[in-house]
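Undergrad: Contents of upload-v6.pdb (PDB, C-alpha atoms, pLDDT in the B column):
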ATOM      1  CA  MET H  13      11.414  15.412  -8.937  1.00 74.00           C
ATOM      2  CA  LEU H  14      14.216  13.059  -7.896  1.00 88.00           C
ATOM      3  CA  PRO H  15      15.020   9.991 -10.008  1.00 96.00           C
ATOM      4  CA  VAL H  16      12.948   6.875  -9.224  1.00 97.00           C
ATOM      5  CA  GLU H  17      15.929   4.978  -7.817  1.00 98.00           C
ATOM      6  CA  GLU H  18      16.745   7.797  -5.393  1.00 98.00           C
ATOM      7  CA  LEU H  19      13.132   8.119  -4.219  1.00 98.00           C
ATOM      8  CA  VAL H  20      12.948   4.365  -3.601  1.00 98.00           C
ATOM      9  CA  ALA H  21      16.309   4.259  -1.788  1.00 98.00           C
ATOM     10  CA  THR H  22      15.374   7.227   0.412  1.00 98.00           C
ATOM     11  CA  THR H  23      12.003   5.657   1.242  1.00 98.00           C
ATOM     12  CA  ARG H  24      13.723   2.392   2.210  1.00 98.00           C
ATOM     13  CA  ASP H  25      16.141   4.310   4.434  1.00 98.00           C
ATOM     14  CA  ILE H  26      13.289   6.171   6.156  1.00 98.00           C
ATOM     15  CA  LEU H  27      11.339   2.965   6.729  1.00 98.00           C
ATOM     16  CA  GLY H  28      14.421   1.162   8.002  1.00 98.00           C
ATOM     17  CA  GLN H  29      15.180   3.931  10.494  1.00 98.00           C
ATOM     18  CA  ARG H  30      11.667   4.788  11.652  1.00 98.00           C
ATOM     19  CA  ALA H  31       9.202   1.983  10.876  1.00 98.00           C
ATOM     20  CA  ILE H  32      10.871  -1.330  11.771  1.00 97.00           C
ATOM     21  CA  SER H  33      10.857  -2.692  15.328  1.00 96.00           C
ATOM     22  CA  GLU H  34      12.246  -5.973  16.604  1.00 95.00           C
ATOM     23  CA  PHE H  35      10.863  -7.581  19.761  1.00 96.00           C
ATOM     24  CA  ASP H  36      12.200 -10.344  21.991  1.00 96.00           C
ATOM     25  CA  ASP H  37       8.945 -12.270  21.737  1.00 97.00           C
ATOM     26  CA  PRO H  38       6.832 -12.703  18.584  1.00 94.00           C
ATOM     27  CA  ILE H  39       3.740 -10.524  18.183  1.00 94.00           C
ATOM     28  CA  GLU H  40       0.666 -11.158  16.048  1.00 93.00           C
ATOM     29  CA  LEU H  41       0.438  -9.414  12.680  1.00 89.00           C
ATOM     30  CA  ALA H  42      -2.808  -8.382  10.962  1.00 85.00           C
ATOM     31  CA  SER H  43      -2.476 -11.540   8.850  1.00 84.00           C
ATOM     32  CA  GLY H  44      -2.592 -13.682  11.985  1.00 87.00           C
ATOM     33  CA  GLN H  45       1.062 -14.645  11.496  1.00 87.00           C
ATOM     34  CA  MET H  46       3.522 -14.296  14.368  1.00 91.00           C
ATOM     35  CA  SER H  47       6.769 -12.335  14.011  1.00 93.00           C
ATOM     36  CA  ARG H  48       9.434 -10.713  16.143  1.00 95.00           C
ATOM     37  CA  PHE H  49       9.518  -7.905  13.564  1.00 95.00           C
ATOM     38  CA  PHE H  50       6.835  -5.255  13.286  1.00 96.00           C
ATOM     39  CA  VAL H  51       6.543  -2.664  10.522  1.00 96.00           C
ATOM     40  CA  ASP H  52       4.639   0.489  11.476  1.00 96.00           C
ATOM     41  CA  ALA H  53       4.666   2.532   8.288  1.00 96.00           C
ATOM     42  CA  LYS H  54       2.163   5.032   9.688  1.00 96.00           C
ATOM     43  CA  ALA H  55       4.516   6.019  12.519  1.00 96.00           C
ATOM     44  CA  GLY H  56       7.511   5.659  10.224  1.00 97.00           C
ATOM     45  CA  LEU H  57       6.065   8.173   7.783  1.00 98.00           C
ATOM     46  CA  SER H  58       4.457  10.514  10.309  1.00 98.00           C
ATOM     47  CA  ARG H  59       6.773  13.360   9.279  1.00 98.00           C
ATOM     48  CA  ALA H  60       5.302  15.213   6.313  1.00 98.00           C
ATOM     49  CA  ASP H  61       8.570  15.257   4.363  1.00 98.00           C
ATOM     50  CA  ASP H  62       9.031  11.499   4.814  1.00 98.00           C
ATOM     51  CA  LEU H  63       5.467  10.776   3.709  1.00 98.00           C
ATOM     52  CA  ARG H  64       5.955  13.034   0.676  1.00 98.00           C
ATOM     53  CA  VAL H  65       9.068  11.108  -0.403  1.00 98.00           C
ATOM     54  CA  ALA H  66       7.331   7.725   0.009  1.00 98.00           C
ATOM     55  CA  CYS H  67       4.282   8.853  -1.978  1.00 98.00           C
ATOM     56  CA  LEU H  68       6.449  10.319  -4.723  1.00 98.00           C
ATOM     57  CA  ALA H  69       8.305   6.975  -4.824  1.00 98.00           C
ATOM     58  CA  ILE H  70       5.062   5.033  -5.248  1.00 98.00           C
ATOM     59  CA  HIS H  71       3.873   7.308  -8.043  1.00 98.00           C
ATOM     60  CA  ALA H  72       7.276   7.294  -9.764  1.00 98.00           C
ATOM     61  CA  VAL H  73       7.604   3.492  -9.675  1.00 98.00           C
ATOM     62  CA  VAL H  74       4.154   2.980 -11.175  1.00 98.00           C
ATOM     63  CA  LYS H  75       4.617   5.755 -13.741  1.00 98.00           C
ATOM     64  CA  SER H  76       8.039   4.411 -14.787  1.00 98.00           C
ATOM     65  CA  ALA H  77       6.331   1.078 -15.544  1.00 98.00           C
ATOM     66  CA  GLY H  78       4.098   2.946 -18.008  1.00 98.00           C
ATOM     67  CA  ILE H  79       0.944   2.501 -15.945  1.00 98.00           C
ATOM     68  CA  GLU H  80      -1.643   5.273 -16.020  1.00 98.00           C
ATOM     69  CA  TYR H  81      -4.324   5.624 -13.360  1.00 98.00           C
ATOM     70  CA  ASP H  82      -7.180   7.992 -12.550  1.00 98.00           C
ATOM     71  CA  ALA H  83      -7.500   7.412  -8.807  1.00 98.00           C
ATOM     72  CA  VAL H  84      -5.513   5.880  -5.967  1.00 98.00           C
ATOM     73  CA  GLY H  85      -6.884   4.151  -2.907  1.00 98.00           C
ATOM     74  CA  GLY H  86      -6.805   1.245  -0.549  1.00 98.00           C
ATOM     75  CA  LEU H  87      -8.226  -0.320   2.575  1.00 97.00           C
ATOM     76  CA  THR H  88      -8.452   1.779   5.721  1.00 96.00           C
ATOM     77  CA  LEU H  89      -6.308   2.151   7.911  1.00 94.00           C
ATOM     78  CA  GLY H  90      -3.137   0.854   6.304  1.00 92.00           C
ATOM     79  CA  ALA H  91      -3.586   2.853   3.133  1.00 97.00           C
ATOM     80  CA  ASP H  92      -5.213   6.107   4.308  1.00 97.00           C
ATOM     81  CA  HIS H  93      -2.072   8.236   4.456  1.00 97.00           C
ATOM     82  CA  LEU H  94      -0.818   6.807   1.162  1.00 98.00           C
ATOM     83  CA  CYS H  95      -4.092   7.350  -0.729  1.00 98.00           C
ATOM     84  CA  VAL H  96      -4.103  11.070  -0.059  1.00 98.00           C
ATOM     85  CA  GLY H  97      -0.322  11.426  -0.340  1.00 98.00           C
ATOM     86  CA  VAL H  98      -0.054   9.677  -3.707  1.00 98.00           C
ATOM     87  CA  ALA H  99      -3.031  11.683  -4.966  1.00 98.00           C
ATOM     88  CA  LEU H 100      -1.211  14.878  -4.032  1.00 98.00           C
ATOM     89  CA  ALA H 101       2.040  13.617  -5.598  1.00 97.00           C
ATOM     90  CA  SER H 102       0.318  12.576  -8.832  1.00 98.00           C
ATOM     91  CA  GLY H 103      -2.530  15.062  -9.196  1.00 98.00           C
ATOM     92  CA  LYS H 104      -5.002  12.153  -9.240  1.00 98.00           C
ATOM     93  CA  GLU H 105      -8.131  11.508  -7.165  1.00 98.00           C
ATOM     94  CA  TRP H 106      -8.081   9.471  -3.948  1.00 98.00           C
ATOM     95  CA  PHE H 107     -10.479   7.112  -2.223  1.00 98.00           C
ATOM     96  CA  ILE H 108     -10.547   4.925   0.856  1.00 98.00           C
ATOM     97  CA  VAL H 109     -12.150   1.495   1.088  1.00 98.00           C
ATOM     98  CA  ARG H 110     -13.928   0.750   4.375  1.00 96.00           C
ATOM     99  CA  LYS H 111     -13.612  -2.725   5.866  1.00 93.00           C
ATOM    100  CA  GLU H 112     -17.395  -2.945   5.483  1.00 91.00           C
ATOM    101  CA  ALA H 113     -20.085  -0.629   4.164  1.00 85.00           C
ATOM    102  CA  LYS H 114     -21.239   1.901   6.721  1.00 81.00           C
ATOM    103  CA  LYS H 115     -24.636   1.242   8.236  1.00 84.00           C
ATOM    104  CA  ARG H 116     -26.005   4.770   7.873  1.00 85.00           C
ATOM    105  CA  GLY H 117     -26.195   7.642   5.420  1.00 83.00           C
ATOM    106  CA  THR H 118     -25.110   6.566   1.945  1.00 82.00           C
ATOM    107  CA  ALA H 119     -24.094   3.046   3.116  1.00 80.00           C
ATOM    108  CA  ARG H 120     -20.964   3.274   0.966  1.00 92.00           C
ATOM    109  CA  ARG H 121     -17.959   1.056   1.337  1.00 96.00           C
ATOM    110  CA  ILE H 122     -15.772   3.351  -0.792  1.00 97.00           C
ATOM    111  CA  GLU H 123     -15.384   7.033   0.136  1.00 96.00           C
ATOM    112  CA  GLY H 124     -13.780   9.753  -1.949  1.00 97.00           C
ATOM    113  CA  ALA H 125     -13.433   9.444  -5.726  1.00 98.00           C
ATOM    114  CA  GLN H 126     -16.376   7.853  -7.499  1.00 97.00           C
ATOM    115  CA  LEU H 127     -15.385   4.518  -8.976  1.00 98.00           C
ATOM    116  CA  GLU H 128     -17.180   3.087 -11.985  1.00 97.00           C
ATOM    117  CA  VAL H 129     -16.616   1.406 -15.325  1.00 98.00           C
ATOM    118  CA  GLY H 130     -13.808   3.127 -17.206  1.00 97.00           C
ATOM    119  CA  ARG H 131     -11.940   4.340 -14.121  1.00 98.00           C
ATOM    120  CA  ARG H 132      -8.357   3.076 -13.776  1.00 98.00           C
ATOM    121  CA  VAL H 133      -7.278   2.542 -10.196  1.00 98.00           C
ATOM    122  CA  LEU H 134      -3.958   2.150  -8.370  1.00 98.00           C
ATOM    123  CA  VAL H 135      -4.374   0.250  -5.092  1.00 98.00           C
ATOM    124  CA  VAL H 136      -1.908   1.004  -2.295  1.00 98.00           C
ATOM    125  CA  GLU H 137      -1.123  -0.582   1.057  1.00 98.00           C
ATOM    126  CA  ASP H 138       1.523   0.255   3.625  1.00 97.00           C
ATOM    127  CA  VAL H 139       2.570  -3.295   4.570  1.00 97.00           C
ATOM    128  CA  VAL H 140       1.627  -6.570   2.875  1.00 96.00           C
ATOM    129  CA  SER H 141       2.128  -9.877   4.676  1.00 93.00           C
ATOM    130  CA  THR H 142      -0.287 -12.338   3.084  1.00 93.00           C
ATOM    131  CA  GLY H 143      -2.206  -9.737   1.037  1.00 95.00           C
ATOM    132  CA  GLY H 144      -5.555 -10.035   2.823  1.00 94.00           C
ATOM    133  CA  SER H 145      -6.174  -6.287   3.148  1.00 94.00           C
ATOM    134  CA  LEU H 146      -4.964  -5.664  -0.379  1.00 96.00           C
ATOM    135  CA  PHE H 147      -7.259  -8.360  -1.811  1.00 97.00           C
ATOM    136  CA  SER H 148     -10.233  -7.054   0.191  1.00 96.00           C
ATOM    137  CA  ALA H 149      -9.743  -3.572  -1.276  1.00 97.00           C
ATOM    138  CA  ILE H 150      -9.299  -4.941  -4.793  1.00 98.00           C
ATOM    139  CA  ASP H 151     -12.488  -7.005  -4.567  1.00 98.00           C
ATOM    140  CA  ALA H 152     -14.484  -3.963  -3.420  1.00 97.00           C
ATOM    141  CA  ILE H 153     -13.031  -1.856  -6.233  1.00 98.00           C
ATOM    142  CA  VAL H 154     -13.678  -4.458  -8.916  1.00 98.00           C
ATOM    143  CA  ALA H 155     -17.295  -4.683  -7.715  1.00 97.00           C
ATOM    144  CA  THR H 156     -17.767  -1.032  -8.785  1.00 97.00           C
ATOM    145  CA  GLY H 157     -16.726  -1.830 -12.351  1.00 98.00           C
ATOM    146  CA  ALA H 158     -13.464   0.109 -12.069  1.00 98.00           C
ATOM    147  CA  GLU H 159     -10.263  -1.493 -13.352  1.00 98.00           C
ATOM    148  CA  VAL H 160      -7.372  -2.149 -10.962  1.00 98.00           C
ATOM    149  CA  VAL H 161      -4.337  -1.346 -13.125  1.00 98.00           C
ATOM    150  CA  ALA H 162      -1.687  -1.919 -10.440  1.00 98.00           C
ATOM    151  CA  ALA H 163      -1.081  -2.478  -6.744  1.00 98.00           C
ATOM    152  CA  CYS H 164       1.814  -1.096  -4.712  1.00 98.00           C
ATOM    153  CA  THR H 165       3.027  -1.523  -1.154  1.00 98.00           C
ATOM    154  CA  LEU H 166       5.745   0.140   0.853  1.00 98.00           C
ATOM    155  CA  VAL H 167       6.892  -3.138   2.446  1.00 98.00           C
ATOM    156  CA  ASP H 168       6.234  -6.689   1.244  1.00 97.00           C
ATOM    157  CA  ARG H 169       6.844  -9.104   4.115  1.00 96.00           C
ATOM    158  CA  GLY H 170       6.778 -12.218   1.907  1.00 92.00           C
ATOM    159  CA  ASP H 171       6.156 -13.452  -1.587  1.00 85.00           C
ATOM    160  CA  LEU H 172       2.530 -14.473  -1.121  1.00 91.00           C
ATOM    161  CA  ALA H 173       0.626 -11.520  -2.613  1.00 95.00           C
ATOM    162  CA  GLU H 174       2.673 -11.258  -5.788  1.00 95.00           C
ATOM    163  CA  GLU H 175       1.642 -14.707  -7.070  1.00 94.00           C
ATOM    164  CA  VAL H 176      -2.070 -14.087  -6.433  1.00 95.00           C
ATOM    165  CA  LEU H 177      -1.943 -10.693  -8.145  1.00 97.00           C
ATOM    166  CA  LYS H 178      -0.040 -12.134 -11.100  1.00 96.00           C
ATOM    167  CA  LYS H 179      -2.820 -14.719 -11.573  1.00 97.00           C
ATOM    168  CA  ARG H 180      -5.360 -11.876 -11.494  1.00 97.00           C
ATOM    169  CA  GLY H 181      -3.385  -9.927 -14.101  1.00 98.00           C
ATOM    170  CA  ILE H 182      -2.561  -7.047 -11.738  1.00 98.00           C
ATOM    171  CA  PRO H 183       0.989  -5.645 -11.838  1.00 98.00           C
ATOM    172  CA  TYR H 184       2.449  -5.496  -8.316  1.00 98.00           C
ATOM    173  CA  PHE H 185       5.185  -3.239  -7.022  1.00 98.00           C
ATOM    174  CA  ALA H 186       6.916  -3.253  -3.646  1.00 98.00           C
ATOM    175  CA  ILE H 187       9.039  -0.271  -2.676  1.00 98.00           C
ATOM    176  CA  SER H 188      10.873  -2.579  -0.262  1.00 98.00           C
ATOM    177  CA  SER H 189      10.735  -6.141   0.992  1.00 97.00           C
ATOM    178  CA  PHE H 190      11.638  -8.207   4.016  1.00 96.00           C
ATOM    179  CA  LEU H 191      15.077  -8.714   2.435  1.00 96.00           C
ATOM    180  CA  ASP H 192      15.851  -4.985   2.653  1.00 97.00           C
ATOM    181  CA  PHE H 193      15.432  -5.062   6.443  1.00 97.00           C
ATOM    182  CA  GLY H 194      16.916  -8.448   7.326  1.00 95.00           C
ATOM    183  CA  MET H 195      13.566  -9.910   8.337  1.00 95.00           C
ATOM    184  CA  PRO H 196      12.476 -13.463   7.684  1.00 94.00           C
ATOM    185  CA  PRO H 197       9.601 -13.692   5.190  1.00 93.00           C
ATOM    186  CA  VAL H 198       6.024 -14.240   6.276  1.00 90.00           C
ATOM    187  CA  VAL H 199       4.984 -17.595   4.889  1.00 85.00           C
ATOM    188  CA  GLY H 200       1.540 -19.008   4.193  1.00 74.00           C
TER     189      GLY H 200
END
Show how you would write the structure in this file as structure tokens.
TA:
Amino acid sequence: MLPVEELVATTRDILGQRAISEFDDPIELASGQMSRFFVDAKAGLSRADDLRVACLAIHAVVKSAGIEYDAVGGLTLGADHLCVGVALASGKEWFIVRKEAKKRGTARRIEGAQLEVGRRVLVVEDVVSTGGSLFSAIDAIVATGAEVVAACTLVDRGDLAEEVLKKRGIPYFAISSFLDFGMPPVVG
């Protein structure tokens, strides 16, 4: 495996080339904020080799911080590709958190790995602006009794999520930030 720094730098390059768009007029982000910049990490990592590098980078950054986890997951749809990719890169289990529990069958909100007391979880997200999707996933995970040992995003569009996670005692890692792409930060 490549060194952590090289994996992170390569992931930033891929995202910068394939995931960042600038528009003449501002568009609405999932957070409700308006921005002329849009980050589409799903399209940016649609090539298997690019997704592999990004998922290896996430795993390597968390591992180099000495954090161990049993499963990796996050809120659909921003985290789906990363959940499975990081699981493949790390040999861990994956899960996906629905926005709400399904209304039929098992009525689960979390699909994939079984989460319960004693399970250590890494939460991933492709892009974090205010952290709403990340916090929603974390709350659903904590409700199972599992422990969120870290959270990681490919792109942090501001400094809002880090403070909230710090108060909750959850280490937070961003592979890249708005600074890496010359974007203004999303502010609360």
Undergrad: Would you please work out which residue, of H:Asp82, H:Asp52, H:Glu18, H:Glu174, is nearest to H:Leu134 when using all atoms listed in the file?
TA: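 Smallest separation from H:Leu134 among the options: H:Asp82.
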Undergrad: Counting only C-alpha atoms, which of H:Ser145, H:Ser58, H:Ser47, H:Gln126 gets nearest to H:Ile26?
TA: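 Going through H:Ser145, H:Ser58, H:Ser47, H:Gln126 one by one, the smallest distance to H:Ile26 is for H:Ser58.
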Undergrad: Can you tell me how far atom CA of H:Ala55 sits from atom CA of H:Ile153, in Å to one decimal?
TA: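 Value for the atom CA of H:Ala55-atom CA of H:Ile153 distance: 26.9 Å.
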Undergrad: Any idea what's packed within 9 Å of H:Arg64, counting only C-alpha atoms, ignoring anything in its chain fewer than 3 positions away? Could you give it as a VMD selection string?
TA: chain H and resid 57 59 to 61 67 to 69 97 to 98 100 to 101
Undergrad: Just to confirm, what's the straight-line distance from atom CA of H:Asp138 to atom CA of H:Thr165 in Å (one decimal)?
TA: 5.3 Å
Undergrad: Evaluate the PyMOL selection byres ((chain H and resi 173) around 10) against this structure - the residues, as a short mmCIF file (atom, residue, chain, number, x, y, z; two decimals) with C-alpha atoms, in the frame of the given file, please.
TA:
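The file below, selection17.cif, is the result:
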data_model
loop_
_atom_site.label_atom_id
_atom_site.label_comp_id
_atom_site.auth_asym_id
_atom_site.auth_seq_id
_atom_site.Cartn_x
_atom_site.Cartn_y
_atom_site.Cartn_z
CA VAL H 140 1.63 -6.57 2.88
CA SER H 141 2.13 -9.88 4.68
CA THR H 142 -0.29 -12.34 3.08
CA GLY H 143 -2.21 -9.74 1.04
CA GLY H 144 -5.56 -10.04 2.82
CA LEU H 146 -4.96 -5.66 -0.38
CA PHE H 147 -7.26 -8.36 -1.81
CA ASP H 168 6.23 -6.69 1.24
CA ARG H 169 6.84 -9.10 4.12
CA GLY H 170 6.78 -12.22 1.91
CA ASP H 171 6.16 -13.45 -1.59
CA LEU H 172 2.53 -14.47 -1.12
CA GLU H 174 2.67 -11.26 -5.79
CA GLU H 175 1.64 -14.71 -7.07
CA VAL H 176 -2.07 -14.09 -6.43
CA LEU H 177 -1.94 -10.69 -8.14
CA LYS H 178 -0.04 -12.13 -11.10
CA TYR H 184 2.45 -5.50 -8.32
#
Undergrad: Once the PyMOL selection byres ((chain H and resi 51) around 12) has been evaluated on this model, what residues remain selected, and can you format them as a PyMOL selection string?
TA: chain H and resi 26-35+39-42+47-50+52-57+90+138-141+166-169+188-190+193+195
Undergrad: Can you pull out the residues contacting H:Glu123? Cut-off 7 Å, using all atoms listed in the file, and skip same-chain residues under 3 positions away; I want them as a VMD selection string.
TA: chain H and resid 107 to 109 120
Undergrad: Work out how far apart atom CA of H:Arg110 and atom CA of H:Glu128 are and give it in Å to one decimal.
TA: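 According to the coordinates, atom CA of H:Arg110 and atom CA of H:Glu128 are separated by 16.8 Å.
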Undergrad: Using the file's own x, y and z axes, so that the box edges lie along x, y and z, what centre and edge lengths in Å (one decimal) does a box around every listed atom of stretch 117-120 of chain H get when 6 Å is added on each side? Give it as JSON.
TA:
{"center_x": -23.6, "center_y": 5.3, "center_z": 3.2, "size_x": 17.2, "size_y": 16.6, "size_z": 16.5}
Undergrad: Nearest residue to H:Gly86 out of H:Val65, H:Val198, H:Ala99, H:Val20, using all atoms listed in the file?
TA: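 Closest candidate: H:Ala99.
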Undergrad: With distances taken over only C-alpha atoms, which residue among H:Ala162, H:Ile122, H:Cys95, H:Ala152 lies nearest H:Leu63?
TA: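 So, comparing all the options, the nearest one is H:Cys95.
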Undergrad: Can you spell out as a list in words the set of residues that the PyMOL selection byres ((chain H and resi 72-78) around 9) selects in the structure I just provided?
TA: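 Taken over the shown coordinates, the PyMOL selection byres ((chain H and resi 72-78) around 9) returns Pro15, Val16, Glu17, Leu19, Val20, Cys67, Leu68, Ala69, Ile70, His71, Ile79, Glu80, Tyr81, Ser102, Leu134, Ala162, Ala163, Cys164, Phe185 and Ile187 of chain H.
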Undergrad: Could you check which of H:Gly181, H:Gly85, H:Gly130, H:Gly44 is closest to H:Gly200, using all atoms listed in the file?
TA: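 Smallest distance to H:Gly200 is found for H:Gly44.
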Undergrad: Which one is closest to H:Glu159: H:Thr23, H:Asp92, H:Leu127, H:Ala186? Count all atoms listed in the file.
TA: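 Closest to H:Glu159, using all atoms listed in the file: H:Leu127.
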